[in-house]
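One structure below.
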Amino acid sequence: MRRLRHGRILLWLARALVVAACLVPLYWILNVSLSTSQALYKTPLDYFPRPPTLENFRAVFRVNQFPRNVLNSFVVASLTTLLTLVLGSPAAYALARLRVRRKNVILATFLGLAIFPAIGMIGPLYIAMARLALINRYPALVLPYTLLSLPLAIWILTQFFSTLPGSLEDAALVDGCTPVQAFVRVILPLSAPGLATSAVLIFIFAWNEFLFALIMTSTPESRTVPVALALFAGLHELPWATIAAATVVSVLPVLALVALFQRRIVEGLTSGVER
């Protein structure tokens, strides 16, 4: 009993450390964003803003292009997520349902492509986008992001579709549905957890991606949030409080998305384990 109790205590301590490691950076960024520039250089440091101020957030939105940068990130991430799911769902469904030879090799290949270093393809993609006159436009980011997101989305959705019984399609076909209608009307609604998991992961990747956004955009109006944050520094100073406020603004949409689909994400991530 003592060993079991000690084990539980150690487990809860480990969980608390993990939670603290995740929350402390967020708390500190929020603390800095609500502090004045003078308070950041005080010794000893204040662990709570005294007094708190919203001036840093006002300064962020006084930057002419930052609201546009947030909009760019939202549009690019949303279009990437939609296009990846539209292309990836049928491919994953085919792999899950059809008798494909060496299916595991194909899935392993997709997983390998998902971790392929993006810097290895940035040069050819930039040349292609430049010849198509897409630099500084949404497709210059949406198309590469979709290319990078598809392997992981197909891998996740294939695992999820495999957990659904094949009798669902048989019943839909008996009721008069075509295979496409059975997929759209029956399988996709039941696959909401897997789709939500894939959508959130894709959205977060597209929202946070920096390398392609830096290379494919060269004007302030076309940049996304990560690039805008990297270029926030002044010529002779670093406005830490303003940068922290901009970081909080950029993190809020992702936190809201994860909170909104939290239950679906957990269901999607654990569906393969339950099987």
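Chains: A, B, ... in order of the structure tokens. Residues: from 1 per chain. Ligands: from 1, in order shown.
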
Give me, as a tab-separated table, each residue of range 7-86 of chain A that comes within 12 Å of range 154-175 of chain A, together with its shortest interatomic pair and the distance in Å at one decimal, counting only C-alpha atoms, with rows ordered by chain and rising residue number.
```
residue	atom	partner	partner_atom	distance
A:Thr84	CA	A:Ile154	CA	9.0
A:Leu85	CA	A:Ile154	CA	8.6
A:Val86	CA	A:Ile154	CA	10.7
```

Saved selection, atoms kept: N, CA and C atoms, as a PDB file, in the first residue's frame:
```
ATOM      1  N   THR A  84      -6.504  20.682 -46.910  1.00  0.00           N
ATOM      2  CA  THR A  84      -5.875  19.427 -46.486  1.00  0.00           C
ATOM      3  C   THR A  84      -6.915  18.377 -46.138  1.00  0.00           C
ATOM      4  N   LEU A  85      -7.970  18.777 -45.444  1.00  0.00           N
ATOM      5  CA  LEU A  85      -9.010  17.815 -45.092  1.00  0.00           C
ATOM      6  C   LEU A  85      -9.785  17.356 -46.325  1.00  0.00           C
ATOM      7  N   VAL A  86     -10.040  18.267 -47.256  1.00  0.00           N
ATOM      8  CA  VAL A  86     -10.769  17.898 -48.475  1.00  0.00           C
ATOM      9  C   VAL A  86      -9.973  16.884 -49.295  1.00  0.00           C
TER      10      VAL A  86
END
```

What lies within 8 Å of Val70 in chain A using only C-alpha atoms, ignoring chain neighbours under 2 positions off, as a PyMOL selection string? chain A and resi 66-68+72-74+224-225+250

Residues of range 198-260 of chain A in alpha helix (DSSP H) according to DSSP, as a VMD selection string? chain A and resid 198 to 208 211 to 216 225 to 230 240 to 260

Can you build me a table of range 25-95 of chain A residues sitting at most 8 Å from range 123-147 of chain A, with the closest atom pair per residue and its distance in Å to one decimal, using only C-alpha atoms, sorted by chain and residue number, as a Markdown table?
```
| residue | atom | partner | partner_atom | distance |
| --- | --- | --- | --- | --- |
| A:Asn72 | CA | A:Tyr138 | CA | 7.9 |
| A:Val76 | CA | A:Val142 | CA | 5.8 |
| A:Ala77 | CA | A:Val142 | CA | 7.6 |
| A:Leu79 | CA | A:Val142 | CA | 6.6 |
| A:Thr80 | CA | A:Val142 | CA | 5.2 |
| A:Thr81 | CA | A:Thr146 | CA | 7.6 |
| A:Leu83 | CA | A:Thr146 | CA | 6.8 |
| A:Thr84 | CA | A:Thr146 | CA | 5.5 |
```

Export N, CA and C atoms of the chosen residues as a PDB file, in the first residue's frame?
```
ATOM      1  N   ASN A  72      -4.020  37.653 -42.100  1.00  0.00           N
ATOM      2  CA  ASN A  72      -3.307  36.788 -43.049  1.00  0.00           C
ATOM      3  C   ASN A  72      -3.096  35.398 -42.462  1.00  0.00           C
ATOM      4  N   VAL A  76      -4.742  32.045 -44.087  1.00  0.00           N
ATOM      5  CA  VAL A  76      -3.838  31.002 -44.574  1.00  0.00           C
ATOM      6  C   VAL A  76      -4.047  29.703 -43.803  1.00  0.00           C
ATOM      7  N   ALA A  77      -4.145  29.777 -42.478  1.00  0.00           N
ATOM      8  CA  ALA A  77      -4.329  28.573 -41.668  1.00  0.00           C
ATOM      9  C   ALA A  77      -5.680  27.921 -41.959  1.00  0.00           C
ATOM     10  N   LEU A  79      -7.565  28.182 -44.785  1.00  0.00           N
ATOM     11  CA  LEU A  79      -7.575  27.592 -46.122  1.00  0.00           C
ATOM     12  C   LEU A  79      -6.720  26.332 -46.176  1.00  0.00           C
ATOM     13  N   THR A  80      -5.593  26.341 -45.486  1.00  0.00           N
ATOM     14  CA  THR A  80      -4.743  25.149 -45.446  1.00  0.00           C
ATOM     15  C   THR A  80      -5.471  23.985 -44.793  1.00  0.00           C
ATOM     16  N   THR A  81      -6.134  24.256 -43.679  1.00  0.00           N
ATOM     17  CA  THR A  81      -6.868  23.207 -42.979  1.00  0.00           C
ATOM     18  C   THR A  81      -7.984  22.644 -43.852  1.00  0.00           C
ATOM     19  N   LEU A  83      -8.344  22.763 -47.209  1.00  0.00           N
ATOM     20  CA  LEU A  83      -7.841  22.070 -48.393  1.00  0.00           C
ATOM     21  C   LEU A  83      -7.211  20.729 -48.020  1.00  0.00           C
ATOM     22  N   THR A  84      -6.504  20.682 -46.910  1.00  0.00           N
ATOM     23  CA  THR A  84      -5.875  19.427 -46.486  1.00  0.00           C
ATOM     24  C   THR A  84      -6.915  18.377 -46.138  1.00  0.00           C
TER      25      THR A  84
END
```
